[in-house]
Amino acid sequence: MELFLFILLSILCIGAVLGMIIVNNQAYSALFLVLAFSCTAGLFALLDAPFIAVVQIIIYAGAILVLFIFVIMMVDIKEGLTPEKKKWTMALACILAVVLLIELLVALKSALSPMATSVSGQAGNASEIGHLLFTKYLYPFEITSVLIIAAMVGAIVLVKKKDSE
Amino acid sequence: MSDILILLIKIVAALVWFLVLTLYLTWLERKESAIMQDRIGANRADFFGIRVIGLFQPFADAIKMMFKEDFTPTFSRRFIHNLAPFVAFFFTAVTVQAIPFGDVLRVGGKEIKLQVLDIDVGILFILAMLSFTVYGVLLSGWASNSRWTLLGGLRGTAQLVSYEVALGLSLIGLVMVFPSLRFSSIVNYQGELLFGWLPQWGILLQPLGFIVFLFASLAESERVPFDLPEGESEIVGFFTEYSGLKWGLYMFTSFMKVLLIACLLTTLFFGGYHVPWLNPDGFHFPWGGEWLLPHGIVVLFQIIMFNVKVIFFCWLQILIRWTYPRFRYDQLMDFGWKFLVPLSVINIVATAIVMTLLK
């Protein structure tokens with residue numbers, strides 16, 4: 001049963017990501033991304049990490065992508081890029097793809113080492129994660145929240161400036 | 001094998017309970033609004049000549065809805081247009097599976113939990129499913145490919161996303177008091193007594209959290225005074241291009257949300273299935289009396305109590321819906337961001353201070 005679900009979710013996830021890349025319409029692309037995130041959440045749930053699964057849905061599918069789609073639907077960009085620009089973006093995309101591939105391989109290498117696979121069964125538990133965040137990873141956690149608040153304030157300031165002009 | 005069978009029966013039973021009660025919520029809304037406005041309300045639907053105060057009306061409505069023409073505009077994005085109502089419906093219907101209806105039922109040496117999905121992160125599960133229902137609004141507005149529905153969809157999405165912030169924050173204080181995200185343990189904590197006589201319900205420990213949660217969840221249900229996504233009386237809403245059964249699904253989803261909110265209010269703030277002073281072996285009154293009851297009767301009492309509380313909150317929501325006028329859009333946003341969100345943050349800080357002082 002679990003294997004069947006794993007295969008189903010994986011195929012759906014890969015298909016959704018492929019669809020996201022191939023489809024030309026931005027709105028459909030974003031919707032494929034929602035599907036991909038939901039499948040990833042399902043995979044987390046299969047790995048006995050319900051907290052991570054649910055948070056994945058709340059944050060990515062429920063908040064970030066809703067705003068993405070919101071903007072895409074409001075702006076509704078119809079025309080694509082000019083051929084000249086297309087060449088540039090093609091070259092840039094190739095470079096970025098190679099960088100991403102290397103990054104993924106490095107991540108995979110450390111993920112497959114015996115050190116990394118020994119995660120305790122409670123790793124996906126809400127209280128366990130909370131405990132780790134407020135003891136072992138307190139400083140990274142606090143610094144990240146300061147960064148996020150700075151980014152939020154920055155965004156508001158930028159929008160306000162445009163308004164007053 | 002029998003475990004899987006029991007699980008299947010539980011899933012179907014919870015879903016049937018949810019759908020049937022939602023069906024009768026439409027009847028309750030009609031009757032309650034009629035009484036409030038000094039009318040009689042729906043009473044004509046009869047079943048072989050039997051009319052019981054219009055109790056067959058929901059079935060007549062359902063049959064009418066099914067046989068209406070289902071019209072899809074040619075200019076719409078067909079697939080997404082057809083998908084959107086089902087997204088809204090499905091992710092609302094799924095939430096009932098995390099609600100506890102009662103304690104453990106023991107039948108023939110088997111312990112059956114009267115809750116389908118007893119996961120560690122029950123509260124977050126429901127919030128996640130609710131955040132999926134936003135797509136029902138967003139996609140229907142966009143896929144209908146008409147300006148008015150797009151505006152309605154954007155308006156609705158902005159409202160839902162804004163109020164989800166307050167909704168999530170209002171529950172943090174509750175999670176701090178009852179240190180768990182699991183519905184069954186939150187309800188169990190509420191079964192304990194405060195000072196030896198007062199049932200320790202969420203509303204007593206988290207009054208501010210309750211107020212914020214009530215308003216935020218009313219906004220999530222998209223009904224008056226927060227019905228800007230729909231705006232049936234003058235501004236055009238997100239499901240204008242729907243007809244027949246698909247429109248019916250949207251209407252049904254909105255009623256399901258009312259019922260879901262009633263379930264959440266009951267479970268989180270009003271002791272869930274707990275009857276005051278009812279222990280697993282019977283009543284133990286704080287003034288010394290005792291009334292011992294067999295196990296089956298206790299479970300029955302719990303289920304009845306849960307239903308009574310849920311129906312009370314449905315009644316309350318319909319009362320609010322037929323009493324107040326609608327917010328203006330800027331008032332709506334101000335109320336969410338400048339009143340409810342700060343209030344919930346105050347609630348979190350106050351809860352933390354009180355808990356530290358009492359330690």
# chains A, B, ... in the order shown; residues from 1 in each chain; ligands from 1
call {"tool": "residues_around", "arguments": {"residues": "B:Leu171", "least_positions_apart": "3", "cutoff": "8 Å", "atoms": "only C-alpha atoms", "output": "JSON, numbers by chain"}}
result
{"B": [167, 168, 174, 175, 209, 213]}
call {"tool": "interface_residues", "arguments": {"of": "chain A", "to": "chain B", "cutoff": "7 Å", "atoms": "only C-alpha atoms", "output": "JSON, numbers by chain"}}
result
{"A": [50, 51, 54, 57, 58, 62, 70, 73]}
call {"tool": "atom_distance", "arguments": {"atom1": "atom CA of A:Ala27", "atom2": "atom CA of B:Ala219"}}
result
26.6 Å
call {"tool": "residues_around", "arguments": {"residues": "A:Phe6", "least_positions_apart": "6", "cutoff": "10 Å", "atoms": "only C-alpha atoms", "output": "short mmCIF file (atom, residue, chain, number, x, y, z; two decimals) with N, CA, C and O atoms, in the first residue's frame"}}
result
data_model
loop_
_atom_site.label_atom_id
_atom_site.label_comp_id
_atom_site.auth_asym_id
_atom_site.auth_seq_id
_atom_site.Cartn_x
_atom_site.Cartn_y
_atom_site.Cartn_z
N LEU A 12 3.09 11.56 -10.05
CA LEU A 12 2.30 12.80 -10.12
C LEU A 12 3.20 14.02 -9.93
O LEU A 12 3.09 15.01 -10.65
N CYS A 39 1.96 17.05 -3.83
CA CYS A 39 2.49 15.69 -3.90
C CYS A 39 3.68 15.53 -2.97
O CYS A 39 3.84 14.50 -2.31
N GLY A 42 2.44 15.02 0.36
CA GLY A 42 2.01 13.64 0.51
C GLY A 42 3.17 12.71 0.78
O GLY A 42 3.09 11.81 1.62
N LEU A 43 4.30 12.95 0.09
CA LEU A 43 5.49 12.11 0.30
C LEU A 43 6.01 12.29 1.73
O LEU A 43 6.40 11.31 2.38
N LEU A 46 3.93 10.29 3.99
CA LEU A 46 4.28 8.86 3.91
C LEU A 46 5.51 8.55 4.75
O LEU A 46 5.68 7.44 5.23
N LEU A 47 6.40 9.56 4.89
CA LEU A 47 7.64 9.36 5.65
C LEU A 47 7.41 9.57 7.15
O LEU A 47 8.36 9.80 7.89
#
call {"tool": "select_by_dssp", "arguments": {"residues": "stretch 59-210 of chain B", "states": "strand (DSSP E)", "output": "list in words"}}
result
Val104, Leu105, Arg106, Val107, Lys110, Glu111, Ile112, Lys113, Leu193, Leu194, Leu198 and Pro199 of chain B
call {"tool": "select_by_dssp", "arguments": {"residues": "stretch 70-131 of chain B", "states": "helix (DSSP H, G or I)", "output": "number ranges by chain"}}
result
B: 78-98, 122-131
call {"tool": "write_last_selection", "arguments": {"atoms": "C-alpha atoms", "output": "PDB file, in the first residue's frame"}}
result
ATOM      1  CA  ARG B  78     -13.231  24.773 -19.509  1.00  0.00           C
ATOM      2  CA  PHE B  79     -11.152  22.315 -17.493  1.00  0.00           C
ATOM      3  CA  ILE B  80     -10.321  24.647 -14.628  1.00  0.00           C
ATOM      4  CA  HIS B  81     -13.861  26.018 -14.692  1.00  0.00           C
ATOM      5  CA  ASN B  82     -15.215  22.510 -14.130  1.00  0.00           C
ATOM      6  CA  LEU B  83     -12.553  21.615 -11.586  1.00  0.00           C
ATOM      7  CA  ALA B  84     -12.885  24.631  -9.278  1.00  0.00           C
ATOM      8  CA  PRO B  85     -16.188  23.785  -7.498  1.00  0.00           C
ATOM      9  CA  PHE B  86     -14.975  20.258  -6.834  1.00  0.00           C
ATOM     10  CA  VAL B  87     -11.741  21.569  -5.298  1.00  0.00           C
ATOM     11  CA  ALA B  88     -13.722  23.791  -2.936  1.00  0.00           C
ATOM     12  CA  PHE B  89     -16.147  20.999  -2.072  1.00  0.00           C
ATOM     13  CA  PHE B  90     -13.608  18.211  -1.612  1.00  0.00           C
ATOM     14  CA  PHE B  91     -11.196  20.022   0.648  1.00  0.00           C
ATOM     15  CA  THR B  92     -14.015  21.256   2.858  1.00  0.00           C
ATOM     16  CA  ALA B  93     -15.610  17.820   3.082  1.00  0.00           C
ATOM     17  CA  VAL B  94     -12.299  16.199   4.037  1.00  0.00           C
ATOM     18  CA  THR B  95     -11.899  18.314   7.175  1.00  0.00           C
ATOM     19  CA  VAL B  96     -14.624  16.483   9.093  1.00  0.00           C
ATOM     20  CA  GLN B  97     -12.394  13.424   9.281  1.00  0.00           C
ATOM     21  CA  ALA B  98     -10.188  15.098  11.897  1.00  0.00           C
ATOM     22  CA  GLY B 122      -4.957  17.959  13.636  1.00  0.00           C
ATOM     23  CA  ILE B 123      -5.393  21.736  13.906  1.00  0.00           C
ATOM     24  CA  LEU B 124      -2.795  22.380  11.228  1.00  0.00           C
ATOM     25  CA  PHE B 125      -4.391  19.719   9.024  1.00  0.00           C
ATOM     26  CA  ILE B 126      -7.681  21.592   9.050  1.00  0.00           C
ATOM     27  CA  LEU B 127      -5.937  24.916   8.392  1.00  0.00           C
ATOM     28  CA  ALA B 128      -4.103  23.311   5.453  1.00  0.00           C
ATOM     29  CA  MET B 129      -7.295  21.952   3.955  1.00  0.00           C
ATOM     30  CA  LEU B 130      -8.966  25.335   4.408  1.00  0.00           C
ATOM     31  CA  SER B 131      -6.087  26.981   2.587  1.00  0.00           C
TER      32      SER B 131
END
call {"tool": "atom_distance", "arguments": {"atom1": "atom CA of B:Gly336", "atom2": "atom CA of B:Ala216"}}
result
7.6 Å
call {"tool": "atom_distance", "arguments": {"atom1": "atom CA of B:Asp281", "atom2": "atom CA of B:Phe301"}}
result
12.0 Å
